[in-house]
Amino acid sequence: MGVPPASAADRALARPRRRPPAALAAVLALVAVGAAMLVTLATPTPRPADAPADEFSAGRAYRTVQTVATRPHPAGSAVNDQVREHLVGTLRGLGLQTEVQDTVAPEAGQLSGAAGGATVARVRNVVARLPGTASTGRVFLVAHYDSVQTGPGGNDDAAGTSTVLEVARALAAGPRLRNDVVFVLTDAEEACLCGASAFAAGHPLAADGGVVLNLEARGATGPVIMFETSRDNAGLVAAFGRGAPHPVGTSFAVEIYRALPNDTDFTAFLDHDFVGLNAAYIDGGAIYHTPLDTPAAMDRGSLQMHGDNALGLAREFGRTDLTALRSGHDATYFPVPGGLVRYPGWLTWPLAALAVLGVLALGWLVRRTGRAGTGRLVAGFGLALVPIVAAPLAAQLLWAGITALRPGYAELLDPYRPVWYRLAVVALAAAILLAWYALARRRVGPAALAVGGLGWLALLGLVLAALVPGGAYLATLPALAGALAGLVALRTRIDGPWPVAAVTLAGAVAVVILLPTVVLLFPALGMAMGGVAALFAVLLGLAALPVLDLLHPAASGQRGPVAGDERDPAPGGEPGPVAARARRLGALPAVAAALAATVFAGVGLAVDRFDADHPVPTHLMYALDADTNEAQWITREEEPQPWTKEHAGSHFTEYLGAAFPGLGRESVFTGVAPAANLPAPTVQVLADTTAGGLRTLRLRLLPQRTVRLATLHVDANTAEVTRAEVSGREVPVGRQLTVEEASLDRWGFGIVFHAPPAEGVEITLTVRPRAGQVALRAMDASDGLEALPGFRKRPAGVGVVGSHTSEMLAVARTYPL
């Protein structure tokens, strides 16, 4: 006996008798859950300087921030020496065994991208040790104390440095922990991660490995996110959940970061088989690496959160048996109010499969109960793809339009005041979802659309399980919760309270999982990739469709079989007045969201204007060829700003490395500049021997002025480098250019040395000659353009972009030997 078809009023998963109160209760419940999640992501209140000695105080730590970040202090600078002396004195004042590791170290990772060469630096790491009572291993608290040349590093990384000192004070003042705690303040992180590489590879305290807690900042505010771990992190994540008072972190973030080319000091430790966690706050990225990264820009709530977590984790790992910490798998985890949810990574595929089966079962039951036929279910699944594609695309188009109106945004990680733009993207995604639902609901029915939306979530869960397993929960768990709620709703009295409760609970699961993802993706990826956040906002909406349906009039306005009802009308039937009114009411949420998106974007443009406190970022360099005594201004701006065009912008240069291989191979805009009276670095020959067809040159690269870095490159037309040493340390030479390649790209193997000492750098090259003379290109680079002839001072409202080459002044000369 067949099942009679359901009326239009019964095609949803929940159809309460008293619709408005049910809708209000469901929406308020989801809003409350969302508010709880936002509170979970909020930073704590900063503790004052007179807080108890065993607690972390942002007030005390901020004093260190003010001392460390008074001025830019890149590696090798005199200001960096002063910062280091303060750190050493502070740690020794706490009674800790403190030393300075002074050495030459290579870049963390593989070959540098600078002309296929090797990157090296002189580093001076500050290392202090707090011995344990019965150590099972070592816990390392790591931060870098150097800054970029363009800014004082008030957040990056005075935040981490001050946190390490304040944690050291709290631990030294309390009872000793079981395990040794080592405080490592690294040098030359901004240049090449060389300080961390030197410590991890060569310091005796690092010989047996251990647990690393690396502290960073890529902005000025926001929650501290544990965004990276070592492999097989289940044990680490469990300790993170126990020890961190504010455990904000997701396995999805770890997966994404592993796929990105970004590096921190943590990279160097991972290269040497340490385990550990990497944490940073990342919102407010507009000031990153700029002169605006001052102590005053810091959100002390973020500093407090850094310190609370670092101190809690130091104590947690300090009392843990570190020999039993490693596990055989990664964990899946995400924050919830009051803690961290985690489960073994091996459950990823079973849960993804269960979500698919749950959605299929729900589809079968929807068909079995007559709420949608096969055709409607297929249509619902197909139509659910529309907002999934349209919302991210619309968000990207929105940002393209905004950057067309305000081109300076292209040089920023994020706008100075990004909140209005983020709200615009969310509102735009909501408008697309609501408009789509209002149109498709009448044709396909709410049950079919709900199953279709859950179907895409389940399918995405399978894709994520295959590609980024730690992120599969984002789609799998909402799909599974929605499927179970739908099954409960259809197996209970449809007009009673339980269907509404079930779909609301499933919506709450989606809010808990997906709302933090949307919130954190904005600062993580910036507005230039706001479409990714829009995608997850739409996924949240799809997971909550049964609750969304409660906001719509039942059966397009009435339950009876009128023209325009959700049942198929007779051919040529016209909508009745009640149905037409219901359709207009159904369109109101979409119209309101679209209007909100427009208003938010407009307010963003109105309030986030460039001014003296929020300048438009510009990039400029100066390079002098001492061979020809010709100079040029150089910018890496894709579309030079008006001030930049006054210097560079008249010529497009596809290959900067032809004259300045130490500056890289990218395309730039240039302009003719007056030649300054600046000395080029010299190359002194200390020894020159030939044996077995190989020529060995022992050289001294000696800058003639105070510089931040020096480079030496070999003309591949004249020689092939087979071996290289820098300051007695062998460095990899990589694949050398062939004769044919050298005819197109002159400069082959090169060495980039950061923070060169005053006495210069000793370099030994073993080469196979290809010509009678070996040609070398020496370059050095300092910072600051103000004293150069022809430099036009930046007006108010024009600033410096966060770049390692901004404000660089380079001088190069060729030496034939």
# chains A, B, ... in the order shown; residues from 1 in each chain; ligands from 1
>>> residues_around(residues="region 148-150 of chain A", least_positions_apart="4", cutoff="12 Å", atoms="only C-alpha atoms", output="PyMOL selection string")
chain A and resi 69+71-77+79-80+144+154-158+187-192+287-294+617-620+707-709+755+781-785+799-809
>>> closest_atom_pairs(of="region 732-814 of chain A", to="region 637-650 of chain A", cutoff="10 Å", atoms="only C-alpha atoms", output="Markdown table")
| residue | atom | partner | partner_atom | distance |
| --- | --- | --- | --- | --- |
| A:Gly790 | CA | A:His647 | CA | 8.2 |
| A:Phe791 | CA | A:His647 | CA | 7.6 |
| A:Arg792 | CA | A:Glu646 | CA | 8.0 |
| A:Lys793 | CA | A:Trp643 | CA | 9.2 |
| A:Arg794 | CA | A:Trp643 | CA | 7.3 |
| A:Pro795 | CA | A:Trp643 | CA | 8.4 |
| A:Val798 | CA | A:Trp643 | CA | 7.7 |
| A:Gly799 | CA | A:Trp643 | CA | 10.0 |
| A:Val801 | CA | A:Glu637 | CA | 9.4 |
>>> write_last_selection(atoms="C-alpha atoms", output="compact mmCIF listing (two decimals), in the first residue's frame")
# COMPACT_ATOMS: atom_id res chain seq x y z
CA GLY A 790 66.46 63.01 -5.05
CA PHE A 791 64.44 61.38 -2.26
CA ARG A 792 61.07 63.06 -1.73
CA LYS A 793 59.81 62.88 1.82
CA ARG A 794 56.63 60.93 2.32
CA PRO A 795 53.69 63.21 3.00
CA VAL A 798 51.83 57.78 2.94
CA GLY A 799 53.58 54.97 4.81
CA VAL A 801 54.72 48.59 3.37
>>> residues_around(residues="Gln632 (chain A)", least_positions_apart="4", cutoff="6 Å", atoms="only C-alpha atoms", output="list in words")
Tyr622, Ala623, Gly671, Val672 and Ala673 of chain A
>>> residues_around(residues="Thr722 (chain A)", least_positions_apart="4", cutoff="8 Å", atoms="only C-alpha atoms", output="ChimeraX atom specification")
/A:733,765-768
>>> residues_around(residues="Ala239 (chain A)", least_positions_apart="6", cutoff="8 Å", atoms="only C-alpha atoms", output="ChimeraX atom specification")
/A:313,316-317
>>> closest_residue(among="A:Glu85, A:Glu720, A:Glu216, A:Asp549", to="Arg442 (chain A)", atoms="only C-alpha atoms")
A:Asp549
>>> closest_atom_pairs(of="region 429-472 of chain A", to="region 478-496 of chain A", cutoff="8 Å", atoms="only C-alpha atoms", output="JSON lines")
{"residue": "A:Val451", "atom": "CA", "partner": "A:Ala483", "partner_atom": "CA", "distance": 7.9}
{"residue": "A:Leu454", "atom": "CA", "partner": "A:Ala479", "partner_atom": "CA", "distance": 5.1}
{"residue": "A:Gly455", "atom": "CA", "partner": "A:Ala479", "partner_atom": "CA", "distance": 7.4}
{"residue": "A:Leu457", "atom": "CA", "partner": "A:Ala479", "partner_atom": "CA", "distance": 5.5}
{"residue": "A:Ala458", "atom": "CA", "partner": "A:Ala479", "partner_atom": "CA", "distance": 5.5}
>>> write_last_selection(atoms="N, CA and C atoms", output="PDB file, in the first residue's frame")
ATOM      1  N   VAL A 451      17.917  18.274   2.727  1.00  0.00           N
ATOM      2  CA  VAL A 451      18.704  17.074   2.415  1.00  0.00           C
ATOM      3  C   VAL A 451      19.815  17.415   1.425  1.00  0.00           C
ATOM      4  N   LEU A 454      22.678  19.205   3.285  1.00  0.00           N
ATOM      5  CA  LEU A 454      23.431  18.237   4.080  1.00  0.00           C
ATOM      6  C   LEU A 454      24.236  17.303   3.188  1.00  0.00           C
ATOM      7  N   GLY A 455      23.707  17.008   2.006  1.00  0.00           N
ATOM      8  CA  GLY A 455      24.430  16.148   1.070  1.00  0.00           C
ATOM      9  C   GLY A 455      25.749  16.765   0.646  1.00  0.00           C
ATOM     10  N   LEU A 457      27.451  18.986   2.356  1.00  0.00           N
ATOM     11  CA  LEU A 457      28.327  18.960   3.526  1.00  0.00           C
ATOM     12  C   LEU A 457      28.977  17.588   3.694  1.00  0.00           C
ATOM     13  N   ALA A 458      28.176  16.526   3.550  1.00  0.00           N
ATOM     14  CA  ALA A 458      28.724  15.181   3.677  1.00  0.00           C
ATOM     15  C   ALA A 458      29.756  14.897   2.589  1.00  0.00           C
TER      16      ALA A 458
END
>>> residues_around(residues="Ala676 (chain A)", least_positions_apart="3", cutoff="8 Å", atoms="only C-alpha atoms", output="PyMOL selection string")
chain A and resi 624+631+788-789
>>> decode(residues="region 643-663 of chain A", atoms="N, CA, C and O atoms", output="mmCIF file, in the first residue's frame")
data_model
loop_
_atom_site.group_PDB
_atom_site.id
_atom_site.type_symbol
_atom_site.label_atom_id
_atom_site.label_comp_id
_atom_site.auth_asym_id
_atom_site.auth_seq_id
_atom_site.Cartn_x
_atom_site.Cartn_y
_atom_site.Cartn_z
ATOM 1 N N TRP A 643 52.842 58.655 -4.819
ATOM 2 C CA TRP A 643 54.129 59.059 -4.253
ATOM 3 C C TRP A 643 55.250 58.188 -4.811
ATOM 4 O O TRP A 643 56.339 58.684 -5.126
ATOM 5 N N THR A 644 55.002 56.892 -4.940
ATOM 6 C CA THR A 644 56.031 55.992 -5.456
ATOM 7 C C THR A 644 56.389 56.348 -6.889
ATOM 8 O O THR A 644 57.564 56.292 -7.287
ATOM 9 N N LYS A 645 55.399 56.725 -7.674
ATOM 10 C CA LYS A 645 55.648 57.057 -9.075
ATOM 11 C C LYS A 645 56.566 58.267 -9.223
ATOM 12 O O LYS A 645 57.200 58.427 -10.276
ATOM 13 N N GLU A 646 56.652 59.099 -8.221
ATOM 14 C CA GLU A 646 57.580 60.221 -8.287
ATOM 15 C C GLU A 646 59.032 59.747 -8.326
ATOM 16 O O GLU A 646 59.925 60.481 -8.744
ATOM 17 N N HIS A 647 59.265 58.513 -7.864
ATOM 18 C CA HIS A 647 60.612 57.948 -7.865
ATOM 19 C C HIS A 647 60.732 56.842 -8.911
ATOM 20 O O HIS A 647 61.540 56.919 -9.829
ATOM 21 N N ALA A 648 59.917 55.806 -8.740
ATOM 22 C CA ALA A 648 59.971 54.644 -9.633
ATOM 23 C C ALA A 648 58.597 54.435 -10.242
ATOM 24 O O ALA A 648 57.581 54.728 -9.633
ATOM 25 N N GLY A 649 58.558 53.911 -11.426
ATOM 26 C CA GLY A 649 57.289 53.674 -12.078
ATOM 27 C C GLY A 649 57.330 54.017 -13.544
ATOM 28 O O GLY A 649 56.413 53.687 -14.298
ATOM 29 N N SER A 650 58.414 54.663 -13.951
ATOM 30 C CA SER A 650 58.515 55.035 -15.369
ATOM 31 C C SER A 650 58.965 53.884 -16.244
ATOM 32 O O SER A 650 58.710 53.874 -17.447
ATOM 33 N N HIS A 651 59.642 52.888 -15.659
ATOM 34 C CA HIS A 651 60.142 51.758 -16.439
ATOM 35 C C HIS A 651 59.733 50.456 -15.756
ATOM 36 O O HIS A 651 59.770 50.344 -14.525
ATOM 37 N N PHE A 652 59.378 49.462 -16.560
ATOM 38 C CA PHE A 652 59.070 48.137 -16.042
ATOM 39 C C PHE A 652 60.258 47.232 -16.337
ATOM 40 O O PHE A 652 60.677 47.102 -17.487
ATOM 41 N N THR A 653 60.818 46.633 -15.305
ATOM 42 C CA THR A 653 61.991 45.772 -15.441
ATOM 43 C C THR A 653 61.595 44.351 -15.098
ATOM 44 O O THR A 653 61.166 44.071 -13.981
ATOM 45 N N GLU A 654 61.735 43.477 -16.070
ATOM 46 C CA GLU A 654 61.320 42.089 -15.862
ATOM 47 C C GLU A 654 62.302 41.319 -14.990
ATOM 48 O O GLU A 654 61.922 40.371 -14.323
ATOM 49 N N TYR A 655 63.577 41.718 -15.004
ATOM 50 C CA TYR A 655 64.573 40.928 -14.277
ATOM 51 C C TYR A 655 65.540 41.845 -13.550
ATOM 52 O O TYR A 655 66.502 42.337 -14.119
ATOM 53 N N LEU A 656 65.281 42.098 -12.289
ATOM 54 C CA LEU A 656 66.120 42.960 -11.481
ATOM 55 C C LEU A 656 67.490 42.336 -11.219
ATOM 56 O O LEU A 656 68.489 43.037 -11.083
ATOM 57 N N GLY A 657 67.538 41.001 -11.171
ATOM 58 C CA GLY A 657 68.761 40.308 -10.803
ATOM 59 C C GLY A 657 69.896 40.440 -11.788
ATOM 60 O O GLY A 657 71.029 40.050 -11.493
ATOM 61 N N ALA A 658 69.684 40.999 -12.963
ATOM 62 C CA ALA A 658 70.768 41.154 -13.921
ATOM 63 C C ALA A 658 71.875 42.032 -13.357
ATOM 64 O O ALA A 658 73.062 41.785 -13.582
ATOM 65 N N ALA A 659 71.509 43.091 -12.629
ATOM 66 C CA ALA A 659 72.501 43.982 -12.031
ATOM 67 C C ALA A 659 72.627 43.774 -10.525
ATOM 68 O O ALA A 659 73.680 44.040 -9.952
ATOM 69 N N PHE A 660 71.572 43.307 -9.892
ATOM 70 C CA PHE A 660 71.553 43.154 -8.440
ATOM 71 C C PHE A 660 71.002 41.776 -8.074
ATOM 72 O O PHE A 660 69.848 41.645 -7.641
ATOM 73 N N PRO A 661 71.807 40.731 -8.268
ATOM 74 C CA PRO A 661 71.290 39.378 -8.008
ATOM 75 C C PRO A 661 70.874 39.160 -6.565
ATOM 76 O O PRO A 661 70.012 38.330 -6.286
ATOM 77 N N GLY A 662 71.441 39.934 -5.650
ATOM 78 C CA GLY A 662 71.060 39.780 -4.257
ATOM 79 C C GLY A 662 69.666 40.262 -3.935
ATOM 80 O O GLY A 662 69.144 39.994 -2.854
ATOM 81 N N LEU A 663 69.028 40.970 -4.880
ATOM 82 C CA LEU A 663 67.675 41.475 -4.649
ATOM 83 C C LEU A 663 66.606 40.566 -5.224
ATOM 84 O O LEU A 663 65.418 40.882 -5.153
#
